[in-house]
$ cat query-v6.csv   # CSV, C-alpha atoms and all ligand atoms
chain,number,residue,atom,x,y,z
M,1,MET,CA,-41.0,-31.0,24.9
M,2,ARG,CA,-39.4,-31.0,28.3
M,3,LEU,CA,-36.4,-32.9,26.8
M,4,ALA,CA,-36.0,-30.3,24.1
M,5,LYS,CA,-36.1,-27.5,26.6
M,6,CYS,CA,-33.4,-29.3,28.6
M,7,GLY,CA,-31.3,-29.7,25.5
M,8,VAL,CA,-31.6,-26.0,24.6
M,9,GLY,CA,-30.7,-25.1,28.2
M,10,PHE,CA,-27.7,-27.3,28.1
M,11,LEU,CA,-26.5,-25.8,24.8
M,12,LEU,CA,-26.9,-22.3,26.0
M,13,THR,CA,-25.0,-23.1,29.2
M,14,CYS,CA,-22.2,-24.6,27.1
M,15,CYS,CA,-22.1,-21.5,24.8
M,16,VAL,CA,-22.0,-19.1,27.8
M,17,GLN,CA,-19.2,-21.2,29.5
M,18,HIS,CA,-17.2,-21.2,26.2
M,19,ILE,CA,-17.5,-17.4,25.8
M,20,LEU,CA,-16.5,-16.9,29.4
M,21,LEU,CA,-13.5,-19.2,28.9
M,22,VAL,CA,-12.4,-17.4,25.7
M,23,TYR,CA,-12.6,-13.9,27.2
M,24,CYS,CA,-11.4,-14.8,30.7
M,25,PRO,CA,-9.1,-17.8,30.0
M,26,THR,CA,-6.8,-17.2,33.0
M,27,PRO,CA,-8.0,-20.3,34.9
M,28,LEU,CA,-6.6,-22.4,32.0
M,29,PHE,CA,-3.2,-20.8,32.2
M,30,ALA,CA,-1.4,-21.5,35.5
M,31,TYR,CA,1.6,-19.2,34.9
M,32,GLN,CA,1.8,-15.4,34.4
M,33,HIS,CA,4.6,-13.0,33.9
M,34,THR,CA,4.2,-9.2,33.7
M,35,HIS,CA,6.8,-7.0,32.1
M,36,LYS,CA,6.3,-3.4,31.1
M,37,ASN,CA,2.8,-3.1,29.5
M,38,PHE,CA,2.4,-6.9,28.9
M,39,THR,CA,1.2,-9.9,30.9
M,40,VAL,CA,2.0,-13.2,29.3
M,41,HIS,CA,0.0,-16.3,30.4
M,42,MET,CA,1.1,-19.9,29.7
M,43,ARG,CA,0.2,-23.4,30.9
M,44,GLU,CA,3.8,-24.2,31.6
M,45,GLU,CA,6.5,-22.3,33.4
M,46,ILE,CA,7.4,-19.2,31.5
M,47,PRO,CA,11.1,-19.1,30.4
M,48,PRO,CA,13.0,-15.9,31.5
M,49,GLU,CA,13.7,-15.2,27.8
M,50,ILE,CA,10.2,-13.8,27.7
M,51,THR,CA,11.6,-10.5,28.9
M,52,GLY,CA,13.7,-10.1,25.8
M,53,VAL,CA,10.8,-11.0,23.6
M,54,LEU,CA,8.6,-8.4,25.3
M,55,ASP,CA,11.3,-5.8,25.0
M,56,ARG,CA,11.4,-6.3,21.3
M,57,VAL,CA,7.6,-6.0,21.1
M,58,ASP,CA,7.8,-2.8,23.1
M,59,ARG,CA,10.4,-1.3,20.8
M,60,LEU,CA,8.4,-2.2,17.7
M,61,LEU,CA,5.2,-0.8,19.1
M,62,ALA,CA,6.9,2.4,20.3
M,63,ALA,CA,7.7,3.2,16.7
M,64,ALA,CA,4.1,2.9,15.6
M,65,ASP,CA,1.9,6.1,15.2
M,66,LEU,CA,-1.1,4.2,16.7
M,67,ASN,CA,0.7,3.0,19.8
M,68,ASP,CA,-0.9,3.8,23.1
M,69,GLU,CA,1.6,3.7,26.0
M,70,THR,CA,-1.1,3.6,28.6
M,71,GLN,CA,-2.6,0.3,27.3
M,72,HIS,CA,-1.9,-3.0,29.0
M,73,HIS,CA,-1.8,-6.1,26.8
M,74,GLU,CA,-2.8,-9.7,27.9
M,75,ILE,CA,-1.1,-12.4,25.8
M,76,TYR,CA,-2.0,-16.1,26.0
M,77,ILE,CA,0.5,-18.6,24.6
M,78,ILE,CA,-1.6,-21.8,24.1
M,79,ASN,CA,1.0,-24.3,22.9
M,80,SER,CA,-1.7,-26.9,22.2
M,81,PHE,CA,-3.3,-27.4,18.8
M,82,ALA,CA,-6.4,-29.1,20.4
M,83,LEU,CA,-6.9,-26.4,23.0
M,84,SER,CA,-6.4,-23.7,20.4
M,85,ARG,CA,-9.1,-25.2,18.2
M,86,PHE,CA,-11.4,-25.6,21.2
M,87,LEU,CA,-11.0,-22.0,22.4
M,88,LEU,CA,-10.9,-20.2,19.1
M,89,LEU,CA,-13.2,-22.5,17.2
M,90,ARG,CA,-11.1,-22.1,14.0
M,91,ASN,CA,-7.8,-22.8,12.5
M,92,VAL,CA,-5.6,-19.9,13.7
M,93,HIS,CA,-2.2,-19.9,11.9
M,94,PHE,CA,0.1,-17.9,14.3
M,95,GLY,CA,-2.2,-16.0,16.5
M,96,CYS,CA,-5.2,-13.7,16.8
M,97,ASN,CA,-6.5,-10.8,18.7
M,98,LEU,CA,-10.1,-10.9,20.1
M,99,PRO,CA,-12.4,-7.9,20.4
M,100,ASN,CA,-11.6,-7.5,24.1
M,101,GLY,CA,-8.0,-7.0,23.2
M,102,ASN,CA,-6.7,-10.4,24.4
M,103,THR,CA,-3.9,-11.8,22.1
M,104,TYR,CA,-3.6,-15.5,21.6
M,105,VAL,CA,-0.5,-17.2,20.2
M,106,THR,CA,-1.1,-20.8,19.1
M,107,SER,CA,2.4,-22.2,19.4
M,108,ALA,CA,5.7,-20.7,20.5
M,109,ASP,CA,9.2,-21.4,21.6
M,110,VAL,CA,9.8,-18.5,23.9
M,111,VAL,CA,13.5,-19.3,24.5
M,112,ASN,CA,14.3,-18.9,20.8
M,113,ASP,CA,11.7,-16.2,20.0
M,114,VAL,CA,9.9,-18.4,17.6
M,115,ALA,CA,6.2,-18.7,16.7
M,116,ARG,CA,5.0,-21.7,14.7
M,117,CYS,CA,2.1,-21.8,12.2
M,118,GLU,CA,-0.4,-24.2,13.6
M,119,THR,CA,-2.5,-25.8,10.8
M,120,ILE,CA,-3.8,-29.2,9.9
M,121,SER,CA,-1.9,-28.9,6.6
M,122,PRO,CA,1.5,-30.7,6.6
M,123,ASP,CA,2.5,-28.3,3.8
M,124,ASP,CA,2.4,-25.2,5.9
M,125,ARG,CA,5.1,-25.3,8.6
M,126,ARG,CA,6.1,-21.7,8.5
M,127,ILE,CA,7.8,-20.0,11.5
M,128,ARG,CA,8.3,-16.4,12.3
M,129,THR,CA,9.6,-14.6,15.4
M,130,LEU,CA,7.3,-14.6,18.5
M,131,SER,CA,8.0,-10.9,19.0
M,132,GLU,CA,6.7,-10.1,15.5
M,133,THR,CA,3.6,-12.3,16.1
M,134,ILE,CA,2.7,-10.6,19.3
M,135,THR,CA,3.3,-7.2,17.8
M,136,HIS,CA,1.1,-8.0,14.8
M,137,GLU,CA,-1.8,-9.1,17.0
M,138,ILE,CA,-1.5,-6.1,19.4
M,139,VAL,CA,-1.5,-3.7,16.4
M,140,HIS,CA,-4.9,-5.2,15.5
M,141,ALA,CA,-6.2,-4.1,18.9
M,142,LEU,CA,-4.6,-0.6,18.5
M,143,ILE,CA,-6.3,-0.1,15.2
M,144,ARG,CA,-9.7,-1.2,16.7
M,145,ASN,CA,-9.2,1.0,19.7
M,146,ARG,CA,-8.4,4.0,17.5
M,147,VAL,CA,-11.2,3.7,14.9
M,148,GLY,CA,-13.9,1.7,16.9
M,149,TRP,CA,-15.2,-1.8,16.3
M,150,ARG,CA,-17.6,-0.9,13.5
M,151,ALA,CA,-15.1,1.1,11.5
M,152,ASP,CA,-12.6,-1.7,12.0
M,153,GLN,CA,-15.0,-4.2,10.5
M,154,ARG,CA,-15.3,-2.0,7.4
M,155,LEU,CA,-11.6,-1.3,7.0
M,156,PRO,CA,-10.1,-3.3,4.1
M,157,ALA,CA,-8.1,-6.4,5.2
M,158,TRP,CA,-5.1,-5.3,3.2
M,159,ILE,CA,-4.8,-2.1,5.3
M,160,LYS,CA,-5.2,-3.8,8.6
M,161,GLU,CA,-3.0,-6.8,7.9
M,162,GLY,CA,-0.5,-4.7,5.9
M,163,TYR,CA,-0.1,-2.2,8.8
M,164,CYS,CA,0.2,-5.0,11.4
M,165,GLU,CA,3.0,-6.5,9.4
M,166,PHE,CA,4.6,-3.1,8.8
M,167,VAL,CA,4.8,-2.4,12.5
M,168,ALA,CA,5.9,-6.0,13.3
M,169,ASP,CA,8.7,-5.4,10.7
M,170,GLY,CA,8.7,-9.0,9.6
M,171,SER,CA,6.8,-11.6,7.6
M,172,ALA,CA,6.0,-15.3,7.8
M,173,ILE,CA,8.0,-15.7,4.6
M,174,ASP,CA,11.5,-14.4,4.1
M,175,HIS,CA,11.7,-11.2,2.1
M,176,ARG,CA,13.7,-12.6,-0.8
M,177,THR,CA,11.1,-15.2,-1.5
M,178,GLY,CA,8.4,-12.6,-1.2
M,179,LEU,CA,10.0,-10.1,-3.5
M,180,LYS,CA,10.8,-12.8,-6.1
M,181,MET,CA,7.3,-14.1,-6.1
M,182,LEU,CA,5.7,-10.6,-6.4
M,183,LYS,CA,8.0,-9.8,-9.3
M,184,SER,CA,7.2,-13.1,-11.1
M,185,VAL,CA,4.5,-13.1,-13.7
M,186,SER,CA,3.8,-16.8,-13.2
M,187,GLY,CA,1.4,-16.2,-10.3
M,188,ASP,CA,3.3,-18.5,-7.9
M,189,PHE,CA,1.8,-18.6,-4.5
M,190,THR,CA,3.1,-19.5,-1.1
M,191,PRO,CA,1.3,-19.2,2.3
M,192,GLY,CA,2.2,-15.8,3.7
M,193,LEU,CA,2.7,-14.1,0.4
M,194,GLN,CA,-0.6,-12.2,0.7
M,195,ASN,CA,0.4,-10.5,4.0
M,196,PHE,CA,3.9,-9.8,2.5
M,197,ARG,CA,2.3,-8.1,-0.5
M,198,TRP,CA,0.0,-6.0,1.8
M,199,ARG,CA,2.9,-5.0,4.0
M,200,LEU,CA,4.9,-3.8,1.0
M,201,MET,CA,1.9,-1.8,-0.2
M,202,ILE,CA,1.5,-0.1,3.3
M,203,GLU,CA,5.2,0.5,3.5
M,204,TYR,CA,5.0,2.1,0.0
M,205,LEU,CA,2.2,4.4,1.0
M,206,ILE,CA,4.0,5.5,4.2
M,207,ALA,CA,7.6,5.7,3.0
M,208,ALA,CA,7.2,6.6,-0.7
M,209,ARG,CA,3.8,8.4,-0.8
M,210,ARG,CA,4.4,10.0,2.6
M,211,MET,CA,0.9,9.1,3.9
M,212,THR,CA,0.3,8.7,7.6
M,213,ILE,CA,-1.6,5.6,8.8
M,214,HIS,CA,-4.3,8.1,10.0
M,215,GLU,CA,-4.8,9.3,6.4
M,216,ILE,CA,-4.7,5.8,5.0
M,217,ILE,CA,-7.4,4.7,7.5
M,218,ARG,CA,-9.5,7.9,6.9
M,219,HIS,CA,-9.3,7.7,3.1
M,220,PRO,CA,-8.3,4.1,2.1
M,221,PRO,CA,-6.6,4.3,-1.4
M,222,THR,CA,-7.9,2.0,-4.1
M,223,TYR,CA,-6.3,-1.4,-3.7
M,224,ARG,CA,-5.8,-2.1,-7.4
M,225,LEU,CA,-4.1,1.3,-8.0
M,226,VAL,CA,-1.6,0.9,-5.1
M,227,GLU,CA,-1.0,-2.8,-6.0
M,228,SER,CA,-0.2,-2.1,-9.6
M,229,GLU,CA,2.0,0.9,-8.7
M,230,VAL,CA,4.0,-1.2,-6.3
M,231,ILE,CA,4.3,-4.2,-8.6
M,232,ALA,CA,5.3,-2.0,-11.5
M,233,ALA,CA,8.0,-0.3,-9.4
M,234,LEU,CA,9.2,-3.6,-8.2
M,235,ARG,CA,9.5,-5.1,-11.6
M,236,GLY,CA,11.0,-1.9,-13.0
M,237,ASP,CA,13.8,-1.4,-10.6
M,238,GLU,CA,13.7,-3.3,-7.3
M,239,ALA,CA,16.8,-1.6,-5.8
M,240,ALA,CA,15.3,1.8,-6.5
M,241,LEU,CA,12.0,0.9,-4.9
M,242,LEU,CA,13.7,-0.6,-1.8
M,243,GLU,CA,15.7,2.6,-1.5
M,244,ARG,CA,12.6,4.7,-1.6
M,245,LEU,CA,11.1,2.5,1.1
M,246,GLY,CA,14.1,3.0,3.4
M,247,SER,CA,16.0,0.3,5.1
M,248,ARG,CA,13.1,-1.7,6.7
M,249,ILE,CA,12.3,-4.2,4.0
M,250,ALA,CA,15.6,-3.9,2.2
M,251,THR,CA,17.6,-5.0,5.3
M,252,PRO,CA,15.1,-7.1,7.3
M,253,ARG,CA,15.8,-8.3,10.8
M,254,PRO,CA,17.1,-11.9,11.0
M,255,ARG,CA,14.4,-14.5,10.8
M,256,PRO,CA,14.3,-17.4,13.3
M,257,GLY,CA,17.4,-19.6,12.9
M,258,GLU,CA,19.4,-16.9,11.0
M,259,THR,CA,22.4,-15.1,12.3
M,260,PRO,CA,22.5,-11.4,11.6
M,261,GLY,CA,23.8,-10.8,8.1
M,262,GLY,CA,24.0,-14.6,7.6
M,263,PRO,CA,22.5,-16.6,4.8
M,264,GLU,CA,18.8,-17.4,4.8
M,265,SER,CA,18.3,-20.7,6.6
M,266,ARG,CA,15.0,-21.6,4.9
M,301,ZN,ZN,-3.5,-10.1,11.3
$ encode --input "query-v6.csv" --output "structure tokens"
Amino acid sequence: MRLAKCGVGFLLTCCVQHILLVYCPTPLFAYQHTHKNFTVHMREEIPPEITGVLDRVDRLLAAADLNDETQHHEIYIINSFALSRFLLLRNVHFGCNLPNGNTYVTSADVVNDVARCETISPDDRRIRTLSETITHEIVHALIRNRVGWRADQRLPAWIKEGYCEFVADGSAIDHRTGLKMLKSVSGDFTPGLQNFRWRLMIEYLIAARRMTIHEIIRHPPTYRLVESEVIAALRGDEAALLERLGSRIATPRPRPGETPGGPESR
């Protein structure tokens, strides 16, 4: 009996310590750099290129209706698969944002503005820009702050993820692959396609249907209706749809490894 009590006590202590570490992980990250509304934490020295990355995040957020210029953002770049699994207790692909607003990025090359997908699957080695990844995760916090934790839990994933991708103005797959797969009737799938589809749907609601994100959140449209409208428009006349959506998805920003206007590198 006494042994069982000791075991339960030990387990509780471990849980409390783990929660403290996840929510106050600063002791694990020896280096910090603050720029504008952001503090980046890393376990290794932070390259000066982080300033450019954060400037890009700042510009992307500034264009978002839900942005809050008074809010400060804590960003932890883990750069260790083992530590990432230990802290977050799950397989996080690029990053995540916790209920206290902390953003975690699992693996990044700050110098080249690259975030890597960290999975145990050798088939999923996607990359995207670090600035997109940080922006995406911060937008999760902005949505939660705006609607509250309970409403955020009830909000459909396609609206949350789609809006995060819309503000981040990028995807974990290149747009040509994404558009081609959505147009195809074969049902081909690649990791990242789901978020690309959701981003296109949100972009459609905002740019073509002239809805604000506040209206979308207050009265979420029916998923199937929006999806079928977007896919029908895409299969009917892709160029006309992209024109209606404006320049954002039609002329995406270069992906990691691409030169502006150059060919897709992957
Ligand atoms: Zn997300």
$ residues_near_ligand --input "query-v6.csv" --ligand "ligand ZN 301 (chain M)" --cutoff "10 Å" --atoms "all atoms listed in the file" --output "PyMOL selection string"
chain M and resi 93-97+133+135-140+157-158+160-165+195
$ closest_residue --input "query-v6.csv" --among "M:Val40, M:Leu241, M:Leu66, M:Gln194" --to "M:Asn145" --atoms "all atoms listed in the file"
M:Leu66
$ atom_distance --input "query-v6.csv" --atom1 "atom CA of M:Thr51" --atom2 "atom CA of M:Tyr104"
17.6 Å
$ closest_residue --input "query-v6.csv" --among "M:Glu45, M:Asp58, M:Glu69, M:Glu203" --to "M:Val110" --atoms "all atoms listed in the file"
M:Glu45
$ residues_around --input "query-v6.csv" --residues "stretch 79-87 of chain M" --least-positions-apart "5" --cutoff "8 Å" --atoms "all atoms listed in the file" --output "MDAnalysis selection string"
chainID M and resid 18 21:22 92 105:108 118
$ residues_around --input "query-v6.csv" --residues "M:Trp149" --least-positions-apart "3" --cutoff "12 Å" --atoms "only C-alpha atoms" --output "list in words"
Leu98, Pro99, Asn100, Gly101, His140, Ala141, Leu142, Ile143, Arg144, Asn145, Arg146, Asp152, Gln153, Arg154 and Leu155 of chain M
$ closest_residue --input "query-v6.csv" --among "M:Phe166, M:Phe10, M:Tyr223, M:Tyr31" --to "M:Ile78" --atoms "all atoms listed in the file"
M:Tyr31
$ residues_around --input "query-v6.csv" --residues "M:Ile217" --least-positions-apart "2" --cutoff "9 Å" --atoms "only C-alpha atoms" --output "PDB file with C-alpha atoms, keeping the file's coordinate frame"
ATOM      1  CA  VAL M 147     -11.200   3.700  14.900  1.00  0.00           C
ATOM      2  CA  LEU M 155     -11.600  -1.300   7.000  1.00  0.00           C
ATOM      3  CA  ILE M 159      -4.800  -2.100   5.300  1.00  0.00           C
ATOM      4  CA  LYS M 160      -5.200  -3.800   8.600  1.00  0.00           C
ATOM      5  CA  THR M 212       0.300   8.700   7.600  1.00  0.00           C
ATOM      6  CA  ILE M 213      -1.600   5.600   8.800  1.00  0.00           C
ATOM      7  CA  HIS M 214      -4.300   8.100  10.000  1.00  0.00           C
ATOM      8  CA  GLU M 215      -4.800   9.300   6.400  1.00  0.00           C
ATOM      9  CA  HIS M 219      -9.300   7.700   3.100  1.00  0.00           C
ATOM     10  CA  PRO M 220      -8.300   4.100   2.100  1.00  0.00           C
ATOM     11  CA  PRO M 221      -6.600   4.300  -1.400  1.00  0.00           C
TER      12      PRO M 221
END
$ residues_around --input "query-v6.csv" --residues "M:Val111" --least-positions-apart "3" --cutoff "10 Å" --atoms "only C-alpha atoms" --output "ChimeraX atom specification"
/M:46-50,52-53,108,114,130
$ closest_atom_pairs --input "query-v6.csv" --of "stretch 77-159 of chain M" --to "stretch 173-184 of chain M" --cutoff "9 Å" --atoms "all atoms listed in the file" --output "tab-separated table"
residue	atom	partner	partner_atom	distance
M:Arg126	CA	M:Ile173	CA	7.4
M:Ile127	CA	M:Ile173	CA	8.1
M:Arg128	CA	M:Ile173	CA	7.7
$ atom_distance --input "query-v6.csv" --atom1 "atom CA of M:Thr13" --atom2 "atom CA of M:Leu28"
18.6 Å
$ closest_residue --input "query-v6.csv" --among "M:Ala115, M:Met42, M:Ile134, M:Ala151" --to "M:His73" --atoms "only C-alpha atoms"
M:Ile134
$ closest_residue --input "query-v6.csv" --among "M:Arg125, M:Arg2, M:Arg116, M:His33" --to "M:Tyr76" --atoms "all atoms listed in the file"
M:His33
$ residues_near_point --input "query-v6.csv" --point "(-1.1, 1.1, 1.7)" --cutoff "7 Å" --atoms "all atoms listed in the file" --output "list of chain:residue names"
M:Ile159, M:Met201, M:Ile202, M:Glu203, M:Tyr204, M:Leu205, M:Ile216, M:Val226
$ atom_distance --input "query-v6.csv" --atom1 "atom CA of M:Thr129" --atom2 "atom CA of M:Pro25"
23.9 Å
$ residues_near_point --input "query-v6.csv" --point "(1.8, -3.3, 28.1)" --cutoff "6 Å" --atoms "only C-alpha atoms" --output "JSON, numbers by chain"
{"M": [36, 37, 38, 71, 72, 73]}
$ build_atoms --input "query-v6.csv" --residues "stretch 28-49 of chain M" --atoms "N, CA and C atoms" --output "compact mmCIF listing (two decimals), keeping the file's coordinate frame"
# COMPACT_ATOMS: atom_id res chain seq x y z
N LEU M 28 -7.22 -21.38 32.83
CA LEU M 28 -6.60 -22.40 32.00
C LEU M 28 -5.06 -22.27 31.98
N PHE M 29 -4.59 -21.09 32.36
CA PHE M 29 -3.20 -20.80 32.20
C PHE M 29 -2.57 -20.54 33.61
N ALA M 30 -1.80 -21.51 34.08
CA ALA M 30 -1.40 -21.50 35.50
C ALA M 30 -0.26 -20.46 35.76
N TYR M 31 0.45 -20.04 34.71
CA TYR M 31 1.60 -19.20 34.90
C TYR M 31 1.43 -17.82 34.27
N GLN M 32 1.83 -16.78 34.98
CA GLN M 32 1.80 -15.40 34.40
C GLN M 32 3.09 -14.71 34.64
N HIS M 33 3.41 -13.84 33.72
CA HIS M 33 4.60 -13.00 33.90
C HIS M 33 4.28 -11.62 33.34
N THR M 34 4.47 -10.59 34.18
CA THR M 34 4.20 -9.20 33.70
C THR M 34 5.51 -8.48 33.54
N HIS M 35 5.63 -7.83 32.41
CA HIS M 35 6.80 -7.00 32.10
C HIS M 35 6.36 -5.83 31.30
N LYS M 36 6.72 -4.63 31.77
CA LYS M 36 6.30 -3.40 31.10
C LYS M 36 4.73 -3.43 30.97
N ASN M 37 4.23 -3.21 29.74
CA ASN M 37 2.80 -3.10 29.50
C ASN M 37 2.18 -4.49 29.14
N PHE M 38 2.87 -5.57 29.43
CA PHE M 38 2.40 -6.90 28.90
C PHE M 38 2.31 -7.89 30.07
N THR M 39 1.25 -8.70 30.03
CA THR M 39 1.20 -9.90 30.90
C THR M 39 1.06 -11.10 30.00
N VAL M 40 2.02 -12.01 30.14
CA VAL M 40 2.00 -13.20 29.30
C VAL M 40 1.47 -14.37 30.22
N HIS M 41 0.58 -15.17 29.65
CA HIS M 41 0.00 -16.30 30.40
C HIS M 41 0.37 -17.58 29.60
N MET M 42 0.85 -18.59 30.37
CA MET M 42 1.10 -19.90 29.70
C MET M 42 0.68 -21.00 30.66
N ARG M 43 0.58 -22.20 30.10
CA ARG M 43 0.20 -23.40 30.90
C ARG M 43 1.37 -24.05 31.51
N GLU M 44 2.56 -23.67 31.05
CA GLU M 44 3.80 -24.20 31.60
C GLU M 44 4.64 -23.07 32.13
N GLU M 45 5.67 -23.38 32.86
CA GLU M 45 6.50 -22.30 33.40
C GLU M 45 7.06 -21.41 32.31
N ILE M 46 7.06 -20.12 32.57
CA ILE M 46 7.40 -19.20 31.50
C ILE M 46 8.96 -18.94 31.55
N PRO M 47 9.65 -19.24 30.45
CA PRO M 47 11.10 -19.10 30.40
C PRO M 47 11.49 -17.58 30.65
N PRO M 48 12.62 -17.31 31.29
CA PRO M 48 13.00 -15.90 31.50
C PRO M 48 13.26 -15.14 30.24
N GLU M 49 13.49 -15.86 29.14
CA GLU M 49 13.70 -15.20 27.80
C GLU M 49 12.51 -14.37 27.39
